[in-house]
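Peer 1: So I've got this file, target-v1.cif, and it contains mmCIF, C-alpha atoms:
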```cif
data_final
#
loop_
_atom_site.label_atom_id
_atom_site.label_comp_id
_atom_site.auth_asym_id
_atom_site.auth_seq_id
_atom_site.Cartn_x
_atom_site.Cartn_y
_atom_site.Cartn_z
CA MET A 1 26.91 31.20 19.32
CA LYS A 2 25.35 32.95 22.28
CA ALA A 3 21.87 32.02 21.16
CA LYS A 4 22.90 28.37 21.03
CA ARG A 5 24.14 28.51 24.62
CA GLU A 6 20.76 29.83 25.75
CA ALA A 7 18.88 27.29 23.66
CA LEU A 8 20.94 24.42 25.09
CA ILE A 9 20.40 25.52 28.68
CA SER A 10 16.70 25.78 27.92
CA LEU A 11 16.66 22.30 26.41
CA PHE A 12 18.47 20.66 29.33
CA GLN A 13 16.10 22.33 31.79
CA ALA A 14 13.07 21.13 29.81
CA MET A 15 14.53 17.61 29.72
CA GLU A 16 14.98 17.63 33.48
CA LYS A 17 11.34 18.66 33.93
CA GLY A 18 10.25 15.84 31.61
CA GLU A 19 8.88 18.33 29.10
CA VAL A 20 10.66 16.92 26.07
CA ASP A 21 9.05 14.13 24.03
CA GLU A 22 10.97 11.00 25.01
CA ASP A 23 11.23 9.48 21.59
CA ILE A 24 13.16 12.40 20.16
CA ILE A 25 15.52 13.12 23.06
CA ASP A 26 18.45 11.27 21.49
CA LEU A 27 17.84 12.97 18.16
CA LEU A 28 17.69 16.42 19.76
CA LEU A 29 20.91 15.78 21.68
CA LEU A 30 22.60 14.58 18.48
CA ILE A 31 21.54 17.62 16.45
CA ASN A 32 22.61 20.02 19.19
CA SER A 33 26.00 18.35 19.48
CA ILE A 34 26.80 19.37 15.91
CA LYS A 35 28.84 22.50 15.29
CA GLY A 36 26.94 25.46 13.92
CA ILE A 37 23.37 24.27 14.37
CA TYR A 38 20.88 23.84 17.20
CA THR A 39 17.23 23.00 17.74
CA THR A 40 14.38 25.15 18.93
CA SER A 41 10.76 23.98 19.30
CA SER A 42 10.41 20.41 18.12
CA CYS A 43 7.78 17.73 18.51
CA SER A 44 7.84 13.97 18.02
CA GLY A 45 4.47 13.96 16.31
CA ARG A 46 1.10 13.74 17.98
CA ILE A 47 -2.57 12.90 17.68
CA GLY A 48 -5.36 14.38 19.73
CA ILE A 49 -8.65 16.18 19.98
CA LEU A 50 -9.00 19.91 20.45
CA GLU A 51 -11.61 22.65 20.48
CA GLU A 52 -11.19 25.80 18.41
CA PRO A 53 -13.44 28.65 19.62
CA ALA A 54 -13.77 29.95 16.06
CA LEU A 55 -12.17 29.00 12.78
CA GLY A 56 -8.78 30.63 12.64
CA ALA A 57 -8.51 31.28 16.37
CA LYS A 58 -5.77 28.68 16.73
CA PRO A 59 -3.93 30.27 19.68
CA LEU A 60 -7.15 30.07 21.69
CA SER A 61 -7.75 26.38 21.02
CA ARG A 62 -7.58 23.93 23.89
CA TRP A 63 -6.59 20.27 23.74
CA LEU A 64 -9.06 17.78 25.23
CA ILE A 65 -6.47 15.03 24.79
CA LYS A 66 -3.05 14.93 23.16
CA VAL A 67 -0.72 11.92 22.91
CA HIS A 68 2.55 11.09 21.20
CA ARG A 69 1.61 7.48 20.57
CA PRO A 70 -1.51 5.89 19.00
CA LEU A 71 -4.75 7.32 20.34
CA LYS A 72 -7.19 4.80 21.78
CA PHE A 73 -10.87 4.94 20.88
CA GLU A 74 -11.98 4.78 24.54
CA GLU A 75 -9.81 7.66 25.66
CA ALA A 76 -11.04 9.71 22.71
CA LYS A 77 -14.66 9.08 23.73
CA GLU A 78 -13.80 10.07 27.30
CA ALA A 79 -12.11 13.26 26.13
CA LEU A 80 -15.06 14.20 23.93
CA LYS A 81 -17.26 14.37 27.03
CA LYS A 82 -15.27 17.47 28.01
CA ALA A 83 -16.19 19.31 24.81
CA LYS A 84 -18.09 22.51 25.49
CA SER A 85 -17.78 25.23 22.95
CA GLY A 86 -16.25 25.76 19.52
CA ILE A 87 -15.45 23.35 16.70
CA ILE A 88 -14.11 19.97 17.81
CA PHE A 89 -11.20 18.67 15.69
CA LEU A 90 -9.29 15.41 15.61
CA LYS A 91 -5.76 16.31 14.56
CA SER A 92 -2.84 14.11 13.62
CA GLN A 93 0.53 15.81 13.05
CA PRO A 94 3.91 14.41 11.99
CA PRO A 95 7.22 15.02 13.84
CA ILE A 96 8.51 18.54 13.33
CA PHE A 97 11.98 19.88 14.07
CA HIS A 98 13.12 23.47 13.99
CA VAL A 99 16.86 23.76 13.45
CA VAL A 100 18.71 27.06 13.50
CA ALA A 101 21.81 27.15 11.30
CA GLU A 102 24.46 29.84 11.59
CA ASP A 103 24.93 30.24 7.83
CA GLU A 104 23.30 29.40 4.55
CA GLU A 105 25.61 26.50 3.72
CA LYS A 106 24.74 24.66 6.92
CA ALA A 107 21.06 25.43 6.42
CA LYS A 108 21.19 23.79 3.00
CA LEU A 109 22.90 20.71 4.48
CA VAL A 110 20.26 20.36 7.22
CA HIS A 111 17.55 20.93 4.62
CA GLU A 112 19.03 18.09 2.56
CA VAL A 113 19.10 15.81 5.64
CA GLY A 114 15.39 16.44 6.21
CA LEU A 115 14.39 15.80 2.61
CA SER A 116 16.53 12.71 2.15
CA SER A 117 15.08 11.25 5.38
CA GLY A 118 11.61 11.35 3.87
CA PHE A 119 10.39 14.57 5.50
CA LYS A 120 9.06 15.94 2.27
CA TYR A 121 7.89 19.22 3.70
CA THR A 122 11.29 20.47 4.80
CA THR A 123 11.94 24.11 4.07
CA PHE A 124 13.85 27.03 5.40
CA LYS A 125 13.44 30.70 6.20
CA ALA A 126 16.07 33.39 6.57
CA ILE A 127 15.71 35.34 9.81
CA SER A 128 18.13 38.29 9.96
CA SER A 129 21.56 36.64 9.71
CA ARG A 130 20.42 33.17 10.70
CA TYR A 131 18.52 30.42 8.97
CA LEU A 132 15.63 28.43 10.40
CA VAL A 133 15.11 25.01 8.84
CA GLU A 134 11.81 23.30 9.46
CA ILE A 135 11.91 19.54 9.05
CA ASN A 136 8.31 18.56 8.50
CA GLY A 137 6.34 15.67 7.09
CA THR A 138 3.18 15.79 4.99
CA GLU A 139 0.99 13.43 7.02
CA TYR A 140 -1.54 15.85 8.49
CA LEU A 141 -5.13 14.96 9.36
CA THR A 142 -7.65 17.65 10.35
CA VAL A 143 -11.11 16.21 10.97
CA PRO A 144 -14.02 18.21 12.41
CA LEU A 145 -15.95 15.97 14.80
CA GLY A 146 -18.66 18.32 15.99
CA LYS A 147 -19.50 21.68 17.45
CA ASP A 148 -20.29 23.29 20.80
CA GLY A 149 -20.04 20.08 22.77
CA ARG A 150 -22.05 18.05 20.29
CA VAL A 151 -20.32 15.18 18.48
CA LEU A 152 -21.69 14.72 14.97
CA VAL A 153 -20.17 11.35 14.12
CA ALA A 154 -21.06 7.79 15.09
CA ASP A 155 -18.64 5.52 16.98
CA GLU A 156 -17.90 3.49 13.86
CA TYR A 157 -16.67 6.59 12.04
CA LEU A 158 -14.73 7.79 15.06
CA LYS A 159 -12.87 4.46 15.20
CA PHE A 160 -12.22 4.60 11.45
CA THR A 161 -10.85 8.13 11.46
CA ILE A 162 -8.74 7.69 14.61
CA ASP A 163 -7.27 4.58 13.01
CA ILE A 164 -6.28 6.59 9.92
CA GLY A 165 -4.76 9.29 12.13
CA ASN A 166 -2.76 6.66 14.05
CA GLN A 167 -1.51 5.08 10.83
CA MET A 168 -0.37 8.46 9.54
CA LEU A 169 1.43 9.19 12.81
CA GLU A 170 3.10 5.78 12.75
CA ARG A 171 4.25 6.24 9.19
CA SER A 172 5.73 9.65 9.80
CA LYS A 173 7.49 8.51 13.00
CA SER A 174 8.95 5.50 11.19
CA ARG A 175 11.28 7.95 9.43
CA LEU A 176 12.95 9.08 12.64
CA PRO A 177 15.68 6.39 12.59
CA ARG A 178 16.67 7.44 9.07
CA LEU A 179 16.75 11.07 10.17
CA TYR A 180 19.02 10.08 13.07
CA LYS A 181 21.46 8.28 10.74
CA ASN A 182 21.58 11.24 8.39
CA PHE A 183 22.34 13.64 11.21
CA GLU A 184 25.13 11.30 12.36
CA ARG A 185 26.67 11.65 8.91
CA LEU A 186 26.25 15.41 9.08
CA LYS A 187 28.07 15.40 12.40
CA GLU A 188 31.03 13.65 10.79
CA GLU A 189 31.06 16.38 8.19
CA LEU A 190 30.61 19.46 10.41
CA GLY A 191 32.22 18.23 13.60
CA GLU A 192 31.30 18.20 17.26
CA ASP A 193 30.47 21.41 19.07
CA PRO A 194 32.68 21.88 22.14
CA LEU A 195 30.02 24.17 23.66
CA PHE A 196 27.56 21.28 23.72
CA LYS A 197 30.13 18.99 25.28
CA ASN A 198 30.92 21.50 28.02
CA LEU A 199 27.31 22.26 28.88
CA SER A 200 26.16 18.65 28.91
CA THR A 201 29.09 17.58 31.10
CA ALA A 202 28.51 20.54 33.42
CA LYS A 203 24.89 19.61 34.05
CA SER A 204 25.47 15.97 34.96
CA MET B 205 16.72 34.03 -17.46
CA LYS B 206 16.25 31.21 -19.95
CA ALA B 207 14.16 29.20 -17.51
CA LYS B 208 11.86 32.19 -17.08
CA ARG B 209 11.33 32.42 -20.84
CA GLU B 210 10.26 28.77 -20.92
CA ALA B 211 8.04 29.18 -17.86
CA LEU B 212 6.32 32.22 -19.38
CA ILE B 213 5.64 30.48 -22.68
CA SER B 214 4.24 27.57 -20.73
CA LEU B 215 2.01 29.88 -18.69
CA PHE B 216 0.60 31.70 -21.70
CA GLN B 217 -0.15 28.40 -23.43
CA ALA B 218 -1.93 27.09 -20.31
CA MET B 219 -3.93 30.33 -20.10
CA GLU B 220 -5.01 29.98 -23.72
CA LYS B 221 -6.21 26.44 -23.03
CA GLY B 222 -8.15 27.65 -19.99
CA GLU B 223 -6.00 25.58 -17.67
CA VAL B 224 -5.13 28.37 -15.26
CA ASP B 225 -7.42 29.12 -12.32
CA GLU B 226 -9.27 32.29 -13.32
CA ASP B 227 -9.12 34.02 -9.98
CA ILE B 228 -5.35 34.10 -9.91
CA ILE B 229 -4.61 34.97 -13.54
CA ASP B 230 -4.03 38.67 -12.78
CA LEU B 231 -1.82 37.81 -9.84
CA LEU B 232 0.26 35.37 -11.89
CA LEU B 233 0.70 37.92 -14.66
CA LEU B 234 1.74 40.55 -12.11
CA ILE B 235 4.31 38.31 -10.43
CA ASN B 236 5.78 37.23 -13.75
CA SER B 237 6.08 40.82 -14.92
CA ILE B 238 8.54 41.51 -12.11
CA LYS B 239 12.25 41.39 -12.86
CA GLY B 240 14.12 38.41 -11.45
CA ILE B 241 11.21 36.22 -10.40
CA TYR B 242 8.62 34.01 -12.04
CA THR B 243 5.92 31.51 -11.07
CA THR B 244 5.76 27.78 -11.55
CA SER B 245 2.88 25.55 -10.41
CA SER B 246 0.31 27.61 -8.53
CA CYS B 247 -3.28 27.04 -7.48
CA SER B 248 -6.03 29.39 -6.34
CA GLY B 249 -7.13 27.06 -3.58
CA ARG B 250 -9.60 24.22 -3.87
CA ILE B 251 -11.98 21.87 -2.16
CA GLY B 252 -12.95 18.42 -3.33
CA ILE B 253 -13.27 14.72 -2.72
CA LEU B 254 -10.66 12.19 -3.72
CA GLU B 255 -9.82 8.52 -3.34
CA GLU B 256 -6.38 7.40 -2.18
CA PRO B 257 -5.67 3.74 -3.04
CA ALA B 258 -3.55 3.36 0.10
CA LEU B 259 -2.34 5.79 2.74
CA GLY B 260 0.68 7.56 1.35
CA ALA B 261 0.01 6.69 -2.28
CA LYS B 262 -0.80 10.30 -3.08
CA PRO B 263 0.33 10.29 -6.73
CA LEU B 264 -2.14 7.48 -7.40
CA SER B 265 -5.12 9.28 -5.90
CA ARG B 266 -8.00 10.32 -8.14
CA TRP B 267 -10.34 13.27 -7.67
CA LEU B 268 -14.05 12.50 -7.69
CA ILE B 269 -14.79 16.23 -7.69
CA LYS B 270 -12.59 19.30 -7.39
CA VAL B 271 -13.69 22.94 -7.42
CA HIS B 272 -12.09 26.33 -6.85
CA ARG B 273 -15.20 27.80 -5.26
CA PRO B 274 -17.46 26.57 -2.42
CA LEU B 275 -18.42 22.92 -2.78
CA LYS B 276 -22.16 22.21 -2.77
CA PHE B 277 -23.58 19.39 -0.67
CA GLU B 278 -25.57 17.94 -3.58
CA GLU B 279 -22.59 17.77 -5.92
CA ALA B 280 -20.53 16.13 -3.17
CA LYS B 281 -23.22 13.45 -2.71
CA GLU B 282 -23.28 12.88 -6.48
CA ALA B 283 -19.48 12.57 -6.61
CA LEU B 284 -19.44 10.11 -3.70
CA LYS B 285 -21.51 7.68 -5.82
CA LYS B 286 -18.41 7.27 -7.99
CA ALA B 287 -16.28 6.05 -5.07
CA LYS B 288 -14.95 2.55 -5.64
CA SER B 289 -11.72 1.68 -3.92
CA GLY B 290 -9.33 3.22 -1.41
CA ILE B 291 -9.82 5.78 1.33
CA ILE B 292 -12.22 8.61 0.49
CA PHE B 293 -11.05 12.06 1.64
CA LEU B 294 -12.64 15.48 1.66
CA LYS B 295 -9.79 17.95 1.19
CA SER B 296 -9.72 21.71 1.43
CA GLN B 297 -6.50 23.48 0.45
CA PRO B 298 -5.53 27.16 0.47
CA PRO B 299 -4.04 29.07 -2.48
CA ILE B 300 -0.44 28.10 -3.13
CA PHE B 301 2.12 29.90 -5.29
CA HIS B 302 5.55 28.71 -6.28
CA VAL B 303 7.85 31.57 -7.15
CA VAL B 304 11.37 31.08 -8.47
CA ALA B 305 13.78 33.87 -7.56
CA GLU B 306 17.13 34.31 -9.25
CA ASP B 307 19.01 35.15 -6.07
CA GLU B 308 18.68 34.98 -2.31
CA GLU B 309 17.89 38.65 -1.86
CA LYS B 310 14.85 38.46 -4.13
CA ALA B 311 13.77 35.19 -2.50
CA LYS B 312 13.76 36.92 0.88
CA LEU B 313 11.67 39.78 -0.50
CA VAL B 314 9.10 37.41 -2.02
CA HIS B 315 9.10 35.42 1.22
CA GLU B 316 8.34 38.64 3.09
CA VAL B 317 5.50 39.45 0.67
CA GLY B 318 3.91 36.05 1.36
CA LEU B 319 4.18 36.31 5.13
CA SER B 320 2.98 39.91 5.36
CA SER B 321 -0.03 39.03 3.19
CA GLY B 322 -1.19 36.51 5.77
CA PHE B 323 0.16 33.36 4.10
CA LYS B 324 1.72 32.10 7.29
CA TYR B 325 3.20 28.99 5.79
CA THR B 326 5.52 30.73 3.36
CA THR B 327 8.98 29.23 3.12
CA PHE B 328 11.78 28.77 0.68
CA LYS B 329 14.18 26.15 -0.59
CA ALA B 330 17.50 26.56 -2.35
CA ILE B 331 17.68 24.52 -5.54
CA SER B 332 21.17 24.68 -7.08
CA SER B 333 21.70 28.38 -7.78
CA ARG B 334 18.04 29.36 -7.63
CA TYR B 335 15.52 29.79 -4.86
CA LEU B 336 11.99 28.43 -4.79
CA VAL B 337 9.60 30.32 -2.55
CA GLU B 338 6.37 28.61 -1.63
CA ILE B 339 3.59 30.98 -0.60
CA ASN B 340 1.20 28.83 1.37
CA GLY B 341 -1.56 29.22 3.90
CA THR B 342 -2.32 27.06 6.92
CA GLU B 343 -5.99 26.35 6.27
CA TYR B 344 -5.88 22.67 5.36
CA LEU B 345 -8.69 20.20 5.99
CA THR B 346 -8.18 16.45 5.47
CA VAL B 347 -11.26 14.45 6.40
CA PRO B 348 -11.65 10.72 5.73
CA LEU B 349 -15.24 10.05 4.65
CA GLY B 350 -15.17 6.31 4.06
CA LYS B 351 -13.44 3.42 2.39
CA ASP B 352 -13.75 1.24 -0.70
CA GLY B 353 -16.85 2.93 -2.00
CA ARG B 354 -18.62 2.99 1.37
CA VAL B 355 -19.36 6.38 2.97
CA LEU B 356 -19.16 6.22 6.76
CA VAL B 357 -20.75 9.55 7.62
CA ALA B 358 -24.35 10.76 7.72
CA ASP B 359 -25.61 13.63 5.56
CA GLU B 360 -25.73 16.00 8.53
CA TYR B 361 -22.03 15.48 9.18
CA LEU B 362 -21.18 15.75 5.50
CA LYS B 363 -22.94 19.14 5.32
CA PHE B 364 -21.17 20.26 8.50
CA THR B 365 -17.70 19.29 7.36
CA ILE B 366 -18.12 20.63 3.81
CA ASP B 367 -19.26 23.91 5.35
CA ILE B 368 -16.08 24.09 7.44
CA GLY B 369 -13.97 23.29 4.37
CA ASN B 370 -15.71 26.04 2.41
CA GLN B 371 -15.20 28.55 5.21
CA MET B 372 -11.50 27.73 5.35
CA LEU B 373 -11.18 28.12 1.59
CA GLU B 374 -13.01 31.44 1.68
CA ARG B 375 -10.81 32.74 4.45
CA SER B 376 -7.59 31.80 2.73
CA LYS B 377 -8.73 33.25 -0.62
CA SER B 378 -9.73 36.51 1.10
CA ARG B 379 -6.01 37.22 1.43
CA LEU B 380 -5.41 37.28 -2.32
CA PRO B 381 -6.13 41.02 -2.75
CA ARG B 382 -3.55 41.84 -0.07
CA LEU B 383 -1.04 39.55 -1.78
CA TYR B 384 -1.70 41.39 -5.04
CA LYS B 385 -1.06 44.79 -3.44
CA ASN B 386 2.16 43.59 -1.87
CA PHE B 387 3.43 42.25 -5.18
CA GLU B 388 2.59 45.61 -6.78
CA ARG B 389 4.87 47.25 -4.22
CA LEU B 390 7.57 44.69 -4.93
CA LYS B 391 7.30 45.48 -8.63
CA GLU B 392 7.97 49.16 -7.87
CA GLU B 393 11.07 48.06 -6.00
CA LEU B 394 12.49 45.49 -8.44
CA GLY B 395 11.21 46.89 -11.72
CA GLU B 396 9.42 45.50 -14.73
CA ASP B 397 10.89 42.60 -16.69
CA PRO B 398 11.27 43.50 -20.38
CA LEU B 399 11.21 39.78 -21.25
CA PHE B 400 7.66 39.53 -19.90
CA LYS B 401 6.60 42.62 -21.80
CA ASN B 402 8.01 41.26 -25.07
CA LEU B 403 6.49 37.82 -24.72
CA SER B 404 3.04 39.05 -23.69
CA THR B 405 2.92 41.58 -26.53
CA ALA B 406 4.14 38.97 -29.01
CA LYS B 407 1.38 36.53 -28.16
CA SER B 408 -1.50 38.99 -28.53
#
```
Using the file provided, produce a representation of the structure as structure tokens.
Peer 2:
Amino acid sequence: MKAKREALISLFQAMEKGEVDEDIIDLLLLINSIKGIYTTSSCSGRIGILEEPALGAKPLSRWLIKVHRPLKFEEAKEALKKAKSGIIFLKSQPPIFHVVAEDEEKAKLVHEVGLSSGFKYTTFKAISSRYLVEINGTEYLTVPLGKDGRVLVADEYLKFTIDIGNQMLERSKSRLPRLYKNFERLKEELGEDPLFKNLSTAKS
Amino acid sequence: MKAKREALISLFQAMEKGEVDEDIIDLLLLINSIKGIYTTSSCSGRIGILEEPALGAKPLSRWLIKVHRPLKFEEAKEALKKAKSGIIFLKSQPPIFHVVAEDEEKAKLVHEVGLSSGFKYTTFKAISSRYLVEINGTEYLTVPLGKDGRVLVADEYLKFTIDIGNQMLERSKSRLPRLYKNFERLKEELGEDPLFKNLSTAKS
């Protein structure tokens, strides 16, 4: 799989630059070591505050703070001082993995791994001859906090809603060990990819 | 398709009881009239306030108010008086359609219809020999408002956040006409289902 070779090289480079979320590195390496599948953009889950210039203008939004662990009230307050223009949102998002599978059978197996690991929003798309499986949870929080630099909620509410966002993030991340185990089983079934072995030995 | 026959009968019965969202009735009838596909649970999009007994206990949550059109501030305030126990959420959700396709080729076509109509979160699952396509938008709002009967936000914020929820609902619903047109084109391609014709004539 030529595309897998390129994706792996990309992943190893990102890891070297420290651009890959630490708590999913082992999982990403495991998935990529399996024959016939590989990962593209994935995230270990995050909580943060961003500004959206206008509703729907997502690509233009800018993060004021973004973390992959529980968000602290004080750092949120600090970050909110930087708010200038647009709608301010607190967002909490579960881990998300994008796995490319070389055929439909493998896509269905990966899809099953996601669902049985508690990632209830796991689905797949067909893209030309390949399949893209998205392993996704349901624990999303999207809370408007204010507009054009002005925060419209009191501290008490901010604490309350950040706490809920943190709990959701924690709950969705708590499924990662189960996901890891299920991918280990899948590896026994599909086998190890020699390409992965070669590339990872070559880089070290 | 035996399952389609049952789904159609179910749909017509629900329509007679007024249980189907009015603004998607034509769309549902159109989709079901196409050979090889049919709809299951679908919703025209909604905004409302609910109570969740504990985070993650979604099936146990109860709606305090739920509407398929813009939510008014006054009715939201009224509904909040009924809050008793659990976390209170304001939720805004885009239209969502579940379409069963009898084979992969049709699933891909329906998937394409969803995406090209602006429903960016359209995906599909394989379920035994059938395919379930979910046509879904991205405009979700999930805002905690309080806990155990106590509202933690001021009126000004409530108005602000309801307004955002309404705008998101409006934007996602504004794509329904395009979805309709794209399903019309798909009908020209796949043809009319005689089963649908028979059942709909029989009931009237």
Peer 1: Pick out the closest residue to Leu28 of chain A from this set: A:Phe160, A:Gln93, A:Ala3, A:Val99. Count only C-alpha atoms.
Peer 2: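 Ranking A:Phe160, A:Gln93, A:Ala3, A:Val99 by distance to Leu28 of chain A, first place goes to A:Val99.
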Peer 1: Using all atoms listed in the file, tabulate the residues of segment 41-113 of chain A lying at most 9 Å from any atom of segment 184-200 of chain A, each with its closest atom pair and that distance in Å to one decimal, by chain and increasing residue number, as JSON lines.
Peer 2:
```
{"residue": "A:Lys106", "atom": "CA", "partner": "A:Leu190", "partner_atom": "CA", "distance": 8.6}
{"residue": "A:Leu109", "atom": "CA", "partner": "A:Leu186", "partner_atom": "CA", "distance": 7.8}
{"residue": "A:Val110", "atom": "CA", "partner": "A:Leu186", "partner_atom": "CA", "distance": 8.0}
{"residue": "A:Val113", "atom": "CA", "partner": "A:Leu186", "partner_atom": "CA", "distance": 7.9}
```
Peer 1: For a test of reading the model, state the distance in Å between atom CA of Tyr180 of chain A and atom CA of Ile24 of chain A, rounded to one decimal.
Peer 2: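 If I compute the distance from atom CA of Tyr180 of chain A to atom CA of Ile24 of chain A, I get 9.5 Å.
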Peer 1: Return the neighbours of chain A among the residues of chain B, cut-off 9 Å, counting all atoms listed in the file, as a ChimeraX atom specification.
Peer 2: /B:259-260,312,315,326-330,343-350,356-358,360-361,364-365,368,371-372,375
Peer 1: If the PyMOL selection byres ((chain A and resi 65) around 12) is run on the structure shown, which residues does it catch, given as a VMD selection string?
Peer 2: chain A and resid 46 to 51 62 to 64 66 to 83 88 to 92
Peer 1: What does the structure give for the distance between atom CA of Val304 of chain B and atom CA of Thr244 of chain B, in Å to one decimal?
Peer 2: 7.2 Å
Peer 1: How many Å lie between atom CA of Asp148 of chain A and atom CA of Asp163 of chain A, rounded to one decimal?
Peer 2: 24.1 Å
Peer 1: Which residues are close to Ser245 of chain B, i.e. within 9 Å by only C-alpha atoms, leaving aside same-chain residues fewer than 4 positions away? Reply as an mmCIF file with C-alpha atoms, in the frame of the given file.
Peer 2:
```
data_model
loop_
_atom_site.group_PDB
_atom_site.id
_atom_site.type_symbol
_atom_site.label_atom_id
_atom_site.label_comp_id
_atom_site.auth_asym_id
_atom_site.auth_seq_id
_atom_site.Cartn_x
_atom_site.Cartn_y
_atom_site.Cartn_z
ATOM 1 C CA ILE B 300 -0.440 28.100 -3.130
ATOM 2 C CA PHE B 301 2.120 29.900 -5.290
ATOM 3 C CA HIS B 302 5.550 28.710 -6.280
ATOM 4 C CA VAL B 303 7.850 31.570 -7.150
#
```
Peer 1: So which one's closest to Tyr242 of chain B, B:Asn370, B:Ser214, B:Thr405, B:Ser378? Using only C-alpha atoms, please.
Peer 2: B:Ser214
Peer 1: Measuring atom to atom with all atoms listed in the file, identify which of B:Gly240, B:Gly322, B:Gly222, B:Pro381 is nearest to Glu309 of chain B.
Peer 2: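 Going through B:Gly240, B:Gly322, B:Gly222, B:Pro381 one by one, the smallest distance to Glu309 of chain B is for B:Gly240.
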Peer 1: Counting all atoms listed in the file, which of A:Pro94, A:Gly114, A:Gly149, A:Pro59 gets nearest to Ser172 of chain A?
Peer 2: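 Of all the options, A:Pro94 lies closest to Ser172 of chain A.
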Peer 1: Please list as a PyMOL selection string every residue within 9 Å of Asp23 of chain A, counting all atoms listed in the file and excluding residues in the same chain fewer than 3 positions away.
Peer 2: chain A and resi 20+26-27+44+68
Peer 1: Check the smallest atom-to-atom distance from each of A:Arg150, A:Glu19, A:Lys4, A:Phe119 to Lys84 of chain A using all atoms listed in the file, then report the winner.
Peer 2: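 For Lys84 of chain A, the nearest of the given residues is A:Arg150.
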Peer 1: Measuring between all atoms listed in the file, which one of B:Leu233, B:Ala305, B:Glu226, B:Pro299 shows the shortest distance to Glu374 of chain B?
Peer 2: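 Nearest candidate to Glu374 of chain B out of B:Leu233, B:Ala305, B:Glu226, B:Pro299: B:Pro299.
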